[in-house]
>>> print(open('entry.cif').read())   # mmCIF, C-alpha atoms
data_entry
#
loop_
_atom_site.group_PDB
_atom_site.id
_atom_site.type_symbol
_atom_site.label_atom_id
_atom_site.label_comp_id
_atom_site.auth_asym_id
_atom_site.auth_seq_id
_atom_site.Cartn_x
_atom_site.Cartn_y
_atom_site.Cartn_z
ATOM 1 C CA MET T 1 3.068 10.412 -7.346
ATOM 2 C CA GLU T 2 3.805 8.169 -4.357
ATOM 3 C CA LEU T 3 2.043 5.210 -2.760
ATOM 4 C CA LYS T 4 2.725 4.577 0.914
ATOM 5 C CA ILE T 5 1.794 1.355 2.679
ATOM 6 C CA ASN T 6 1.817 1.938 6.432
ATOM 7 C CA PHE T 7 1.021 -0.578 9.138
ATOM 8 C CA LEU T 8 -1.122 0.924 11.875
ATOM 9 C CA GLU T 9 -0.187 0.652 15.529
ATOM 10 C CA ASN T 10 -3.060 -1.681 16.343
ATOM 11 C CA GLY T 11 -1.300 -4.328 14.225
ATOM 12 C CA ARG T 12 -4.534 -5.354 12.536
ATOM 13 C CA GLU T 13 -4.790 -2.754 9.781
ATOM 14 C CA ALA T 14 -2.715 -1.195 7.029
ATOM 15 C CA ALA T 15 -3.171 2.203 5.388
ATOM 16 C CA LEU T 16 -2.687 2.798 1.678
ATOM 17 C CA ILE T 17 -1.921 6.470 1.110
ATOM 18 C CA LEU T 18 -1.653 7.977 -2.370
ATOM 19 C CA THR T 19 0.167 11.315 -2.433
ATOM 20 C CA ASP T 20 1.270 13.771 -5.076
ATOM 21 C CA GLU T 21 3.887 16.376 -4.190
ATOM 22 C CA GLY T 22 3.199 15.863 -0.484
ATOM 23 C CA ARG T 23 -0.571 16.285 -0.840
ATOM 24 C CA ILE T 24 -2.755 13.304 0.120
ATOM 25 C CA LEU T 25 -4.993 12.365 -2.800
ATOM 26 C CA ASP T 26 -6.567 9.252 -1.335
ATOM 27 C CA GLU T 27 -6.320 6.951 1.667
ATOM 28 C CA LEU T 28 -7.731 3.509 2.301
ATOM 29 C CA ILE T 29 -7.548 1.419 5.489
ATOM 30 C CA ILE T 30 -7.583 -2.344 5.001
ATOM 31 C CA PRO T 31 -7.630 -5.136 7.572
ATOM 32 C CA ILE T 32 -4.714 -7.523 7.966
ATOM 33 C CA ASP T 33 -6.221 -10.980 7.881
ATOM 34 C CA ASN T 34 -5.873 -14.294 6.058
ATOM 35 C CA SER T 35 -6.667 -12.711 2.689
ATOM 36 C CA PHE T 36 -4.362 -9.693 3.108
ATOM 37 C CA ASP T 37 -2.426 -10.404 -0.089
ATOM 38 C CA THR T 38 -5.530 -10.408 -2.277
ATOM 39 C CA LEU T 39 -7.078 -7.474 -0.448
ATOM 40 C CA LEU T 40 -3.876 -5.430 -0.786
ATOM 41 C CA VAL T 41 -3.668 -5.907 -4.546
ATOM 42 C CA THR T 42 -7.377 -5.260 -5.153
ATOM 43 C CA SER T 43 -7.292 -2.190 -2.892
ATOM 44 C CA ILE T 44 -4.337 -0.737 -4.808
ATOM 45 C CA ASP T 45 -6.219 -1.354 -8.066
ATOM 46 C CA LYS T 46 -9.272 0.357 -6.551
ATOM 47 C CA ILE T 47 -7.245 3.458 -5.581
ATOM 48 C CA PHE T 48 -5.693 3.626 -9.062
ATOM 49 C CA LYS T 49 -9.077 3.372 -10.786
ATOM 50 C CA LYS T 50 -10.756 5.855 -8.455
ATOM 51 C CA ASN T 51 -8.025 8.444 -9.064
ATOM 52 C CA ARG T 52 -7.690 7.611 -12.769
ATOM 53 C CA ILE T 53 -3.982 6.854 -12.671
ATOM 54 C CA ASP T 54 -1.915 3.959 -13.911
ATOM 55 C CA LYS T 55 1.114 2.217 -12.485
ATOM 56 C CA SER T 56 3.518 4.216 -14.646
ATOM 57 C CA SER T 57 2.470 7.417 -12.824
ATOM 58 C CA LEU T 58 4.005 6.159 -9.575
ATOM 59 C CA LYS T 59 7.475 7.459 -8.841
ATOM 60 C CA VAL T 60 7.860 5.918 -5.387
ATOM 61 C CA VAL T 61 6.314 3.007 -3.516
ATOM 62 C CA ASN T 62 7.160 3.178 0.178
ATOM 63 C CA VAL T 63 6.408 0.373 2.645
ATOM 64 C CA ALA T 64 6.810 1.650 6.191
ATOM 65 C CA PRO T 65 8.468 -0.818 8.534
ATOM 66 C CA GLU T 66 6.263 -2.713 10.931
ATOM 67 C CA THR T 67 7.269 -3.609 14.466
ATOM 68 C CA ASP T 68 7.689 -7.192 13.242
ATOM 69 C CA ASN T 69 9.545 -6.859 9.928
ATOM 70 C CA GLY T 70 9.453 -10.625 9.511
ATOM 71 C CA SER T 71 5.663 -10.818 9.494
ATOM 72 C CA VAL T 72 3.941 -12.273 6.462
ATOM 73 C CA ALA T 73 1.885 -9.096 5.991
ATOM 74 C CA TYR T 74 5.010 -6.919 5.903
ATOM 75 C CA ARG T 75 6.812 -9.250 3.501
ATOM 76 C CA THR T 76 3.719 -9.363 1.283
ATOM 77 C CA ALA T 77 3.497 -5.564 1.211
ATOM 78 C CA ARG T 78 7.201 -5.304 0.346
ATOM 79 C CA ALA T 79 6.820 -7.806 -2.499
ATOM 80 C CA VAL T 80 3.806 -5.936 -3.900
ATOM 81 C CA GLY T 81 5.710 -2.648 -3.574
ATOM 82 C CA GLU T 82 8.688 -4.063 -5.452
ATOM 83 C CA ALA T 83 6.390 -5.420 -8.172
ATOM 84 C CA LEU T 84 4.835 -1.980 -8.642
ATOM 85 C CA LYS T 85 8.258 -0.378 -9.045
ATOM 86 C CA SER T 86 9.237 -2.658 -11.922
#
>>> encode(input="entry.cif", output="structure tokens")
Amino acid sequence: MELKINFLENGREAALILTDEGRILDELIIPIDNSFDTLLVTSIDKIFKKNRIDKSSLKVVNVAPETDNGSVAYRTARAVGEALKS
């Protein structure tokens, strides 16, 4: 099972995509705003609960690069991704 965090081209939204063997199980679009860190974590929890999986089921967490890799949103997503891997 894999969780992908992609930043959309409009720069104001991120997509959380849960896949298993290349098949999309669930997708959630969240806005990038002042509460992105909290929204990201709660949205990941929501996807896990909805699909009845736990963190140990994840094999890969992939954060797609954003045009501005130094942005706070990108760094937050990377930190959350690293936390999920451990």
>>> atom_distance(input="entry.cif", atom1="atom CA of Ile17 of chain T", atom2="atom CA of Ala64 of chain T")
11.2 Å
>>> closest_residue(input="entry.cif", among="T:Asn62, T:Asn34, T:Ser71, T:Thr19", to="Ile47 of chain T", atoms="all atoms listed in the file")
T:Thr19
>>> atom_distance(input="entry.cif", atom1="atom CA of Leu18 of chain T", atom2="atom CA of Leu3 of chain T")
4.6 Å
>>> atom_distance(input="entry.cif", atom1="atom CA of Ser56 of chain T", atom2="atom CA of Ala77 of chain T")
18.6 Å
>>> residues_around(input="entry.cif", residues="Leu28 of chain T", least_positions_apart="2", cutoff="10 Å", atoms="only C-alpha atoms", output="ChimeraX atom specification")
/T:5,14-18,26,30,43-44,46-47
>>> closest_residue(input="entry.cif", among="T:Leu58, T:Asp45, T:Lys4, T:Gly22", to="Arg78 of chain T", atoms="all atoms listed in the file")
T:Lys4
